[in-house]
file work11.cif (mmCIF, C-alpha atoms)
data_work
loop_
_atom_site.group_PDB
_atom_site.id
_atom_site.type_symbol
_atom_site.label_atom_id
_atom_site.label_comp_id
_atom_site.auth_asym_id
_atom_site.auth_seq_id
_atom_site.Cartn_x
_atom_site.Cartn_y
_atom_site.Cartn_z
ATOM 1 C CA MET A 88 -34.881 -42.264 -21.373
ATOM 2 C CA LYS A 89 -35.564 -38.576 -21.921
ATOM 3 C CA THR A 90 -34.751 -37.927 -18.276
ATOM 4 C CA PHE A 91 -31.413 -39.710 -18.663
ATOM 5 C CA HIS A 92 -30.449 -37.640 -21.734
ATOM 6 C CA ARG A 93 -31.485 -34.423 -19.988
ATOM 7 C CA PHE A 94 -29.376 -35.345 -16.952
ATOM 8 C CA THR A 95 -26.385 -36.147 -19.197
ATOM 9 C CA PHE A 96 -26.776 -32.816 -21.009
ATOM 10 C CA ILE A 97 -26.836 -30.848 -17.753
ATOM 11 C CA ILE A 98 -23.731 -32.643 -16.475
ATOM 12 C CA GLY A 99 -21.931 -31.902 -19.752
ATOM 13 C CA VAL A 100 -22.814 -28.203 -19.606
ATOM 14 C CA CYS A 101 -21.637 -27.934 -15.988
ATOM 15 C CA LEU A 102 -18.314 -29.596 -16.763
ATOM 16 C CA THR A 103 -17.768 -27.356 -19.779
ATOM 17 C CA LEU A 104 -18.513 -24.199 -17.777
ATOM 18 C CA SER A 105 -16.231 -25.235 -14.919
ATOM 19 C CA TRP A 106 -13.443 -25.901 -17.435
ATOM 20 C CA LEU A 107 -13.921 -22.522 -19.088
ATOM 21 C CA ILE A 108 -13.998 -20.687 -15.752
ATOM 22 C CA GLY A 109 -10.918 -22.498 -14.465
ATOM 23 C CA CYS A 110 -8.823 -21.839 -17.544
ATOM 24 C CA LYS A 111 -6.602 -18.799 -17.673
ATOM 25 C CA PRO A 112 -6.650 -16.801 -20.914
ATOM 26 C CA SER A 113 -4.548 -18.326 -23.677
ATOM 27 C CA GLN A 114 -1.933 -16.290 -25.485
ATOM 28 C CA PRO A 115 -1.008 -16.260 -29.192
ATOM 29 C CA ARG A 116 1.912 -18.335 -30.393
ATOM 30 C CA GLY A 117 5.263 -16.811 -29.483
ATOM 31 C CA ILE A 118 3.868 -14.947 -26.458
ATOM 32 C CA ILE A 119 5.038 -15.927 -22.965
ATOM 33 C CA SER A 120 2.243 -17.709 -21.099
ATOM 34 C CA TYR A 121 0.417 -16.174 -18.136
ATOM 35 C CA ASP A 122 2.095 -18.346 -15.467
ATOM 36 C CA ASP A 123 5.541 -18.109 -17.048
ATOM 37 C CA MET A 124 5.264 -14.331 -17.301
ATOM 38 C CA GLU A 125 4.350 -14.126 -13.605
ATOM 39 C CA ASP A 126 7.417 -16.203 -12.656
ATOM 40 C CA LEU A 127 9.644 -14.133 -14.959
ATOM 41 C CA LEU A 128 8.448 -10.819 -13.552
ATOM 42 C CA TYR A 129 8.907 -12.121 -10.011
ATOM 43 C CA ASP A 130 12.539 -12.924 -10.795
ATOM 44 C CA TYR A 131 12.830 -9.523 -12.515
ATOM 45 C CA HIS A 132 11.795 -7.929 -9.219
ATOM 46 C CA ILE A 133 14.402 -9.947 -7.307
ATOM 47 C CA ALA A 134 17.065 -9.082 -9.886
ATOM 48 C CA ASP A 135 16.357 -5.367 -9.621
ATOM 49 C CA ALA A 136 16.554 -5.535 -5.827
ATOM 50 C CA MET A 137 19.921 -7.320 -6.080
ATOM 51 C CA ALA A 138 21.187 -4.744 -8.586
ATOM 52 C CA GLN A 139 20.394 -1.996 -6.082
ATOM 53 C CA THR A 140 22.777 -3.436 -3.494
ATOM 54 C CA ALA A 141 25.447 -5.013 -5.706
ATOM 55 C CA LYS A 142 28.906 -3.505 -5.943
ATOM 56 C CA GLY A 143 29.208 -1.012 -8.782
ATOM 57 C CA GLY A 144 25.751 0.537 -8.516
ATOM 58 C CA TYR A 145 22.359 -0.092 -10.047
ATOM 59 C CA GLN A 146 22.990 1.118 -13.594
ATOM 60 C CA ASP A 147 26.114 -1.019 -13.984
ATOM 61 C CA ASN A 148 24.399 -4.198 -12.789
ATOM 62 C CA VAL A 149 20.730 -4.111 -13.768
ATOM 63 C CA LEU A 150 21.196 -5.125 -17.419
ATOM 64 C CA THR A 151 23.403 -8.060 -16.432
ATOM 65 C CA TYR A 152 20.961 -9.251 -13.776
ATOM 66 C CA ARG A 153 17.957 -8.949 -16.108
ATOM 67 C CA ALA A 154 19.805 -10.858 -18.853
ATOM 68 C CA ALA A 155 20.442 -13.621 -16.328
ATOM 69 C CA VAL A 156 16.693 -13.799 -15.578
ATOM 70 C CA LEU A 157 15.833 -14.173 -19.275
ATOM 71 C CA LYS A 158 18.484 -16.873 -19.640
ATOM 72 C CA LYS A 159 17.092 -18.732 -16.629
ATOM 73 C CA HIS A 160 13.621 -18.813 -18.191
ATOM 74 C CA GLY A 161 14.907 -19.624 -21.687
ATOM 75 C CA VAL A 162 13.474 -16.406 -23.151
ATOM 76 C CA THR A 163 15.187 -14.038 -25.570
ATOM 77 C CA GLN A 164 14.988 -10.264 -25.247
ATOM 78 C CA SER A 165 12.965 -10.148 -28.466
ATOM 79 C CA GLU A 166 10.428 -12.674 -27.099
ATOM 80 C CA PHE A 167 10.131 -10.746 -23.855
ATOM 81 C CA ASP A 168 9.623 -7.429 -25.669
ATOM 82 C CA SER A 169 6.955 -8.938 -27.949
ATOM 83 C CA SER A 170 5.184 -10.417 -24.948
ATOM 84 C CA MET A 171 5.197 -7.065 -23.150
ATOM 85 C CA VAL A 172 3.643 -5.442 -26.226
ATOM 86 C CA TYR A 173 0.842 -8.041 -26.062
ATOM 87 C CA TYR A 174 0.270 -7.725 -22.297
ATOM 88 C CA MET A 175 0.375 -3.932 -22.302
ATOM 89 C CA ARG A 176 -2.388 -4.015 -24.931
ATOM 90 C CA HIS A 177 -4.344 -6.462 -22.734
ATOM 91 C CA ALA A 178 -4.039 -4.521 -19.503
ATOM 92 C CA ASP A 179 -6.640 -6.651 -17.708
ATOM 93 C CA GLN A 180 -4.465 -9.758 -18.066
ATOM 94 C CA LEU A 181 -1.363 -7.823 -17.068
ATOM 95 C CA HIS A 182 -3.162 -6.453 -14.015
ATOM 96 C CA ASN A 183 -4.131 -9.975 -12.948
ATOM 97 C CA ILE A 184 -0.501 -11.043 -13.250
ATOM 98 C CA TYR A 185 0.547 -8.115 -11.078
ATOM 99 C CA GLU A 186 -2.080 -8.961 -8.465
ATOM 100 C CA ASP A 187 -0.721 -12.515 -8.220
ATOM 101 C CA LEU A 188 2.790 -11.097 -8.096
ATOM 102 C CA ALA A 189 1.812 -8.704 -5.293
ATOM 103 C CA ASP A 190 0.459 -11.651 -3.280
ATOM 104 C CA ARG A 191 3.784 -13.433 -3.662
ATOM 105 C CA LEU A 192 5.700 -10.349 -2.523
ATOM 106 C CA GLN A 193 3.351 -9.991 0.442
ATOM 107 C CA ASN A 194 3.906 -13.610 1.477
ATOM 108 C CA GLU A 195 7.638 -13.129 1.072
ATOM 109 C CA SER A 196 7.554 -10.079 3.355
ATOM 110 C CA ARG A 197 5.648 -11.998 6.024
ATOM 111 C CA ALA A 198 8.052 -14.937 5.801
ATOM 112 C CA LEU A 199 10.967 -12.549 6.400
ATOM 113 C CA GLY A 200 9.280 -11.066 9.458
ATOM 114 C CA GLY A 201 8.223 -7.744 7.969
ATOM 115 C CA ASP A 202 6.146 -6.858 11.052
ATOM 116 C CA ALA A 203 8.913 -7.492 13.565
ATOM 117 C CA ALA A 204 10.171 -3.918 14.022
ATOM 118 C CA LEU A 205 7.169 -1.636 14.326
ATOM 119 C CA LEU A 206 8.251 0.153 17.487
ATOM 120 C CA SER A 207 11.058 2.672 17.866
ATOM 121 C CA ALA A 208 12.705 4.482 20.729
ATOM 122 C CA GLY A 209 10.532 7.068 22.424
ATOM 123 C CA VAL A 210 7.266 5.467 21.298
ATOM 124 C CA GLY A 211 4.712 4.115 23.737
ATOM 125 C CA ASP A 212 1.489 2.340 22.765
ATOM 126 C CA SER A 213 1.769 1.748 19.003
ATOM 127 C CA ALA A 214 -0.012 -0.481 16.483
ATOM 128 C CA ASN A 215 -0.087 -1.210 12.771
ATOM 129 C CA VAL A 216 -3.627 -0.242 11.696
ATOM 130 C CA TRP A 217 -3.175 -0.958 7.967
ATOM 131 C CA ASN A 218 -6.044 -3.207 6.867
ATOM 132 C CA GLY A 219 -5.332 -3.507 3.142
ATOM 133 C CA GLN A 220 -2.928 -5.415 0.922
ATOM 134 C CA ARG A 221 0.639 -5.318 2.172
ATOM 135 C CA SER A 222 1.987 -5.241 -1.387
ATOM 136 C CA ILE A 223 0.590 -3.625 -4.528
ATOM 137 C CA ILE A 224 1.868 -3.171 -8.081
ATOM 138 C CA LEU A 225 0.966 -0.238 -10.323
ATOM 139 C CA ILE A 226 1.311 0.197 -14.085
ATOM 140 C CA PRO A 227 0.795 3.416 -16.098
ATOM 141 C CA ASN A 228 -2.480 2.220 -17.673
ATOM 142 C CA GLN A 229 -5.660 3.523 -16.068
ATOM 143 C CA PRO A 230 -7.302 2.446 -13.796
ATOM 144 C CA TYR A 231 -4.369 0.285 -12.684
ATOM 145 C CA ASN A 232 -2.069 3.256 -11.992
ATOM 146 C CA VAL A 233 -3.540 4.294 -8.622
ATOM 147 C CA PHE A 234 -4.374 2.660 -5.287
ATOM 148 C CA SER A 235 -6.407 4.628 -2.727
ATOM 149 C CA PHE A 236 -7.044 3.900 0.933
ATOM 150 C CA SER A 237 -9.029 5.374 3.822
ATOM 151 C CA LEU A 238 -9.432 4.572 7.509
ATOM 152 C CA LYS A 239 -11.977 5.916 9.963
ATOM 153 C CA THR A 240 -10.442 6.011 13.416
ATOM 154 C CA ASP A 241 -11.918 4.365 16.491
ATOM 155 C CA SER A 242 -11.562 4.552 20.266
ATOM 156 C CA THR A 243 -7.983 3.237 20.126
ATOM 157 C CA PHE A 244 -6.882 6.635 18.758
ATOM 158 C CA HIS A 245 -6.187 9.296 21.400
ATOM 159 C CA ARG A 246 -5.583 13.007 21.215
ATOM 160 C CA GLY A 247 -1.934 13.737 20.477
ATOM 161 C CA ASP A 248 -1.332 10.514 18.517
ATOM 162 C CA GLN A 249 0.905 10.404 15.468
ATOM 163 C CA VAL A 250 0.330 8.619 12.161
ATOM 164 C CA MET A 251 3.207 7.117 10.196
ATOM 165 C CA LEU A 252 2.983 5.531 6.724
ATOM 166 C CA SER A 253 6.001 3.421 5.754
ATOM 167 C CA PHE A 254 6.625 1.308 2.663
ATOM 168 C CA ASN A 255 9.288 0.066 0.253
ATOM 169 C CA THR A 256 9.254 1.055 -3.403
ATOM 170 C CA ASP A 257 10.832 -0.802 -6.327
ATOM 171 C CA PHE A 258 10.702 0.288 -9.964
ATOM 172 C CA ILE A 259 11.079 -2.052 -12.920
ATOM 173 C CA PHE A 260 11.341 0.180 -15.991
ATOM 174 C CA GLN A 261 12.761 -0.665 -19.385
ATOM 175 C CA ASP A 262 12.614 3.004 -20.338
ATOM 176 C CA GLY A 263 10.833 6.221 -19.408
ATOM 177 C CA ILE A 264 10.838 8.549 -16.421
ATOM 178 C CA ARG A 265 10.037 7.064 -13.025
ATOM 179 C CA ASP A 266 7.559 9.237 -11.158
ATOM 180 C CA GLY A 267 5.584 7.716 -8.322
ATOM 181 C CA VAL A 268 3.506 9.748 -5.888
ATOM 182 C CA ALA A 269 2.479 8.893 -2.332
ATOM 183 C CA MET A 270 -0.014 11.039 -0.424
ATOM 184 C CA LEU A 271 -1.028 10.809 3.246
ATOM 185 C CA ALA A 272 -3.789 13.055 4.662
ATOM 186 C CA VAL A 273 -5.249 13.291 8.159
ATOM 187 C CA THR A 274 -8.588 14.913 8.999
ATOM 188 C CA PHE A 275 -8.783 16.138 12.597
ATOM 189 C CA ASN A 276 -11.869 16.365 14.808
ATOM 190 C CA ASN A 277 -12.309 20.056 13.954
ATOM 191 C CA ASP A 278 -12.358 19.111 10.207
ATOM 192 C CA SER A 279 -8.963 20.679 9.520
ATOM 193 C CA VAL A 280 -6.723 18.646 7.215
ATOM 194 C CA CYS A 281 -2.968 18.061 7.160
ATOM 195 C CA GLN A 282 -1.310 16.204 4.291
ATOM 196 C CA ARG A 283 2.093 15.038 3.107
ATOM 197 C CA VAL A 284 3.034 14.343 -0.541
ATOM 198 C CA ASN A 285 6.169 12.485 -1.654
ATOM 199 C CA HIS A 286 7.437 12.096 -5.220
ATOM 200 C CA ILE A 287 9.369 8.860 -5.630
ATOM 201 C CA SER A 288 11.776 8.229 -8.508
ATOM 202 C CA SER A 289 14.029 5.441 -7.224
ATOM 203 C CA SER A 290 13.802 2.160 -5.355
ATOM 204 C CA MET A 291 13.926 3.078 -1.682
ATOM 205 C CA PRO A 292 12.153 2.841 1.691
ATOM 206 C CA THR A 293 9.870 5.794 2.477
ATOM 207 C CA VAL A 294 8.392 7.094 5.738
ATOM 208 C CA MET A 295 5.702 9.796 5.945
ATOM 209 C CA GLN A 296 4.421 11.091 9.284
ATOM 210 C CA ILE A 297 1.705 13.467 10.513
ATOM 211 C CA ASP A 298 1.409 14.535 14.162
ATOM 212 C CA ASP A 299 -1.628 15.659 16.124
ATOM 213 C CA ALA A 300 0.562 18.342 17.676
ATOM 214 C CA ASP A 301 -2.352 20.380 19.079
ATOM 215 C CA SER A 302 -4.083 17.295 20.567
ATOM 216 C CA ILE A 303 -7.250 17.909 18.536
ATOM 217 C CA GLY A 304 -7.890 14.228 17.807
ATOM 218 C CA ILE A 305 -7.756 12.338 14.496
ATOM 219 C CA LYS A 306 -11.042 11.532 12.750
ATOM 220 C CA MET A 307 -10.018 10.113 9.359
ATOM 221 C CA ILE A 308 -6.877 8.945 7.519
ATOM 222 C CA ARG A 309 -6.741 8.925 3.711
ATOM 223 C CA GLY A 310 -4.140 8.547 1.020
ATOM 224 C CA PHE A 311 -3.109 7.067 -2.301
ATOM 225 C CA PHE A 312 -0.217 5.655 -4.318
ATOM 226 C CA LEU A 313 0.051 6.780 -7.951
ATOM 227 C CA LEU A 314 2.285 5.936 -10.896
ATOM 228 C CA THR A 315 2.104 8.868 -13.278
ATOM 229 C CA LYS A 316 1.938 8.307 -17.021
ATOM 230 C CA ASN A 317 4.932 9.386 -19.071
ATOM 231 C CA ASP A 318 3.856 11.602 -21.986
ATOM 232 C CA ASN A 319 7.327 11.769 -23.518
ATOM 233 C CA LEU A 320 6.953 11.009 -27.249
ATOM 234 C CA ASN A 321 10.310 9.223 -27.252
ATOM 235 C CA THR A 322 9.104 6.678 -24.705
ATOM 236 C CA SER A 323 7.500 3.434 -25.896
ATOM 237 C CA MET A 324 4.071 2.737 -24.386
ATOM 238 C CA THR A 325 4.472 -1.039 -24.685
ATOM 239 C CA THR A 326 7.638 -1.596 -22.639
ATOM 240 C CA LEU A 327 7.782 -2.802 -19.056
ATOM 241 C CA GLN A 328 6.964 -0.044 -16.577
ATOM 242 C CA LEU A 329 5.813 -0.955 -13.103
ATOM 243 C CA MET A 330 6.115 0.278 -9.540
ATOM 244 C CA CYS A 331 6.090 -2.292 -6.734
ATOM 245 C CA ILE A 332 5.045 -1.031 -3.298
ATOM 246 C CA SER A 333 5.638 -3.572 -0.563
ATOM 247 C CA ASN A 334 5.746 -3.952 3.220
ATOM 248 C CA ILE A 335 3.103 -1.220 3.664
ATOM 249 C CA LYS A 336 2.471 -0.190 7.277
ATOM 250 C CA LEU A 337 0.213 2.493 8.725
ATOM 251 C CA ILE A 338 1.363 2.937 12.297
ATOM 252 C CA ARG A 339 -0.515 4.698 15.062
ATOM 253 C CA LEU A 340 2.150 6.122 17.374
ATOM 254 C CA ARG A 341 1.654 7.337 20.916
ATOM 255 C CA PRO A 342 4.596 9.153 22.527
ATOM 256 C CA LYS A 343 5.573 7.794 25.947
ATOM 257 C CA ASN A 344 5.560 11.228 27.537
ATOM 258 C CA GLN A 345 2.293 12.348 25.982
ATOM 259 C CA PRO A 346 0.761 15.078 28.236
ATOM 260 C CA GLN A 347 -2.425 14.058 29.979
ATOM 261 C CA PRO A 348 -5.368 16.460 30.435
ATOM 262 C CA ALA A 349 -5.367 18.201 33.813
ATOM 263 C CA GLN A 350 -7.801 16.816 36.369
ATOM 264 C CA PRO A 351 -9.656 19.176 38.751
ATOM 265 C CA MET A 352 -8.197 19.217 42.245
ATOM 266 C CA PRO A 353 -10.599 18.768 45.168
ATOM 267 C CA SER A 354 -10.898 21.808 47.411
ATOM 268 C CA GLN A 355 -9.008 21.616 50.698
ATOM 269 C CA ILE A 356 -10.940 24.511 52.248
ATOM 270 C CA PRO A 357 -13.617 23.453 54.767
ATOM 271 C CA VAL A 358 -17.033 24.738 53.745
ATOM 272 C CA ASN A 359 -19.982 25.359 56.032
ATOM 273 C CA LYS A 360 -22.946 24.525 53.805
ATOM 274 C CA GLU A 361 -25.349 26.341 56.172
ATOM 275 C CA MET A 362 -23.508 29.671 55.810
ATOM 276 C CA PRO A 363 -24.681 31.904 52.900
ATOM 277 C CA ASP A 364 -22.141 32.558 50.132
ATOM 278 C CA SER A 365 -22.112 36.289 50.929
ATOM 279 C CA GLU A 366 -20.992 35.563 54.487
ATOM 280 C CA ARG A 367 -18.540 32.796 53.530
ATOM 281 C CA MET A 368 -16.747 34.955 50.936
ATOM 282 C CA ARG A 369 -16.515 38.049 53.185
ATOM 283 C CA PRO A 370 -12.861 38.735 54.124
ATOM 284 C CA THR A 371 -12.066 38.299 57.795
ATOM 285 C CA MET A 372 -10.305 40.985 59.820
ATOM 286 C CA SER A 373 -7.357 39.823 61.838
ATOM 287 C CA PRO A 374 -7.225 41.176 65.417
ATOM 288 C CA ARG A 375 -4.673 43.858 66.142
#

call {"tool": "encode", "arguments": {"input": "work11.cif", "output": "C-alpha cells"}}
result
Amino acid sequence: MKTFHRFTFIIGVCLTLSWLIGCKPSQPRGIISYDDMEDLLYDYHIADAMAQTAKGGYQDNVLTYRAAVLKKHGVTQSEFDSSMVYYMRHADQLHNIYEDLADRLQNESRALGGDAALLSAGVGDSANVWNGQRSIILIPNQPYNVFSFSLKTDSTFHRGDQVMLSFNTDFIFQDGIRDGVAMLAVTFNNDSVCQRVNHISSSMPTVMQIDDADSIGIKMIRGFFLLTKNDNLNTSMTTLQLMCISNIKLIRLRPKNQPQPAQPMPSQIPVNKEMPDSERMRPTMSPR
C-alpha cells in the first residue's frame, strides 16, 4: 500500500512539473497575452513593410496601417501601450517573443526563396558561409540590444577572396531616434585588420564588403549588429522600439579572373651534369 501511494505521489509531482514547464508566463488582467502579442507584432512588422512601399510614403501610411493591425486583433491603442509598458519592464518575456518572431521571419524568408540570388555578374566560386540565425530582432534593453558573430575560415577560402555581408533592416518605433549599427571586420593572415561600420536609421537593404586586395589570405571574420539606446529625456522608455534584421547572408566571393600564383618554368637549356659549374657558366667565344 505504501508503495502504491509513493508511486502515485511521484506521478503527481511529474505531471505538475511538466505542466509548469510547458506553461508560458501569465500576464496581469488587461495585458495582451504572450501568443497574441507575438501575432500582433508579426502583423506590425508586415504593416511597416507595406507602409514603406505604399503610395504616399512611409510617414503618411504607417499610422493607418498600424491602426488596421490593432483593429484586426481587437486591441485599442491604450491596451497596446499598456501592454508594451508591461513587456518592456519584463524584458526576458519580450525577448522570448522576439526570438519566436525572428523564427517566423526566417521561415518566411526561406519560403520566398531568400537564398535564390547569391551570385552576381563577375563572380566565380561563391558560397553563403553564414551559420547563424537568418533573422534576429534587437531591442534597446541590454543584453538584448546586440548580436555578435565570428567565423574562422577554412580551406575553402583562398587568397584574394572577398567577403560580403548583406541583410535587410526594418524598424518598428513608436517614438525615439532610430540608430542601428552594423560592423564587419576581417583579420588577414598577417594579423592586419580591415573593418566596415554602417549606421542604419531607416528600413532598407544593406551590403558591406571587404576585399583581400593584396591576396594575403583571410583568417577570421567578425562582426555585430547593435541597436543603440536613446538617451533623449523626451523619449519614453516603455514604448515599442525594435530593429528587425532579416535575410542575413555572409558571402564568400571569388572573382572569375582572380590572378593565380606564377608557377616556375622548367629550364629548356640542356645541362651536362658531369661538367663543373665553373666550366658550364663560362661564356663561349664565337669563331671569327

call {"tool": "atom_distance", "arguments": {"input": "work11.cif", "atom1": "CA of Leu150 in chain A", "atom2": "CA of His132 in chain A"}}
result
12.8 Å

call {"tool": "residues_around", "arguments": {"input": "work11.cif", "residues": "Gly304 in chain A", "least_positions_apart": "3", "cutoff": "9 Å", "atoms": "only C-alpha atoms", "output": "number ranges by chain"}}
result
A: 244-248, 274-277, 299, 301

call {"tool": "write_last_selection", "arguments": {"input": "work11.cif", "atoms": "C-alpha atoms", "output": "compact mmCIF listing (two decimals), in the coordinates of the input"}}
result
# COMPACT_ATOMS: atom_id res chain seq x y z
CA PHE A 244 -6.88 6.64 18.76
CA HIS A 245 -6.19 9.30 21.40
CA ARG A 246 -5.58 13.01 21.22
CA GLY A 247 -1.93 13.74 20.48
CA ASP A 248 -1.33 10.51 18.52
CA THR A 274 -8.59 14.91 9.00
CA PHE A 275 -8.78 16.14 12.60
CA ASN A 276 -11.87 16.36 14.81
CA ASN A 277 -12.31 20.06 13.95
CA ASP A 299 -1.63 15.66 16.12
CA ASP A 301 -2.35 20.38 19.08

call {"tool": "residues_near_point", "arguments": {"input": "work11.cif", "point": "(20.1, -7.5, -7.5)", "cutoff": "12 Å", "atoms": "all atoms listed in the file", "output": "ChimeraX atom specification"}}
result
/A:130-156,257,259,290

call {"tool": "residues_around", "arguments": {"input": "work11.cif", "residues": "range 173-179 of chain A", "least_positions_apart": "2", "cutoff": "12 Å", "atoms": "only C-alpha atoms", "output": "VMD selection string"}}
result
chain A and resid 112 to 121 124 to 125 166 to 171 181 to 186 225 to 232 323 to 329

call {"tool": "atom_distance", "arguments": {"input": "work11.cif", "atom1": "CA of Ala269 in chain A", "atom2": "CA of Ile297 in chain A"}}
result
13.7 Å

call {"tool": "residues_around", "arguments": {"input": "work11.cif", "residues": "Met295 in chain A", "least_positions_apart": "4", "cutoff": "12 Å", "atoms": "all atoms listed in the file", "output": "list in words"}}
result
Gln249, Val250, Met251, Leu252, Ser253, Phe254, Asn255, Ala269, Met270, Leu271, Ala272, Val273, Gln282, Arg283, Val284, Asn285, His286, Gly310, Ile335, Lys336, Leu337 and Ile338 of chain A

call {"tool": "write_last_selection", "arguments": {"input": "work11.cif", "atoms": "C-alpha atoms", "output": "JSON list (two decimals), keeping the file's coordinate frame"}}
result
[["chain", "number", "residue", "atom", "x", "y", "z"],
["A", 249, "GLN", "CA", 0.90, 10.40, 15.47],
["A", 250, "VAL", "CA", 0.33, 8.62, 12.16],
["A", 251, "MET", "CA", 3.21, 7.12, 10.20],
["A", 252, "LEU", "CA", 2.98, 5.53, 6.72],
["A", 253, "SER", "CA", 6.00, 3.42, 5.75],
["A", 254, "PHE", "CA", 6.62, 1.31, 2.66],
["A", 255, "ASN", "CA", 9.29, 0.07, 0.25],
["A", 269, "ALA", "CA", 2.48, 8.89, -2.33],
["A", 270, "MET", "CA", -0.01, 11.04, -0.42],
["A", 271, "LEU", "CA", -1.03, 10.81, 3.25],
["A", 272, "ALA", "CA", -3.79, 13.06, 4.66],
["A", 273, "VAL", "CA", -5.25, 13.29, 8.16],
["A", 282, "GLN", "CA", -1.31, 16.20, 4.29],
["A", 283, "ARG", "CA", 2.09, 15.04, 3.11],
["A", 284, "VAL", "CA", 3.03, 14.34, -0.54],
["A", 285, "ASN", "CA", 6.17, 12.48, -1.65],
["A", 286, "HIS", "CA", 7.44, 12.10, -5.22],
["A", 310, "GLY", "CA", -4.14, 8.55, 1.02],
["A", 335, "ILE", "CA", 3.10, -1.22, 3.66],
["A", 336, "LYS", "CA", 2.47, -0.19, 7.28],
["A", 337, "LEU", "CA", 0.21, 2.49, 8.72],
["A", 338, "ILE", "CA", 1.36, 2.94, 12.30]]

call {"tool": "atom_distance", "arguments": {"input": "work11.cif", "atom1": "CA of Glu195 in chain A", "atom2": "CA of Val216 in chain A"}}
result
20.1 Å

call {"tool": "closest_residue", "arguments": {"input": "work11.cif", "among": "A:Ser242, A:Ser222, A:Thr315, A:Thr293", "to": "Arg265 in chain A", "atoms": "all atoms listed in the file"}}
result
A:Thr315

call {"tool": "residues_around", "arguments": {"input": "work11.cif", "residues": "range 219-221 of chain A", "least_positions_apart": "4", "cutoff": "6 Å", "atoms": "all atoms listed in the file", "output": "ChimeraX atom specification"}}
result
/A:193,333-335

call {"tool": "residues_around", "arguments": {"input": "work11.cif", "residues": "Asp278 in chain A", "least_positions_apart": "5", "cutoff": "10 Å", "atoms": "only C-alpha atoms", "output": "PyMOL selection string"}}
result
chain A and resi 273+303+305-307

call {"tool": "axis_aligned_box", "arguments": {"input": "work11.cif", "around": "range 142-148 of chain A", "padding_each_side": "3 Å", "output": "AutoDock Vina command-line options"}}
result
--center_x 25.8 --center_y -1.5 --center_z -10.0 --size_x 12.8 --size_y 11.3 --size_z 14.0
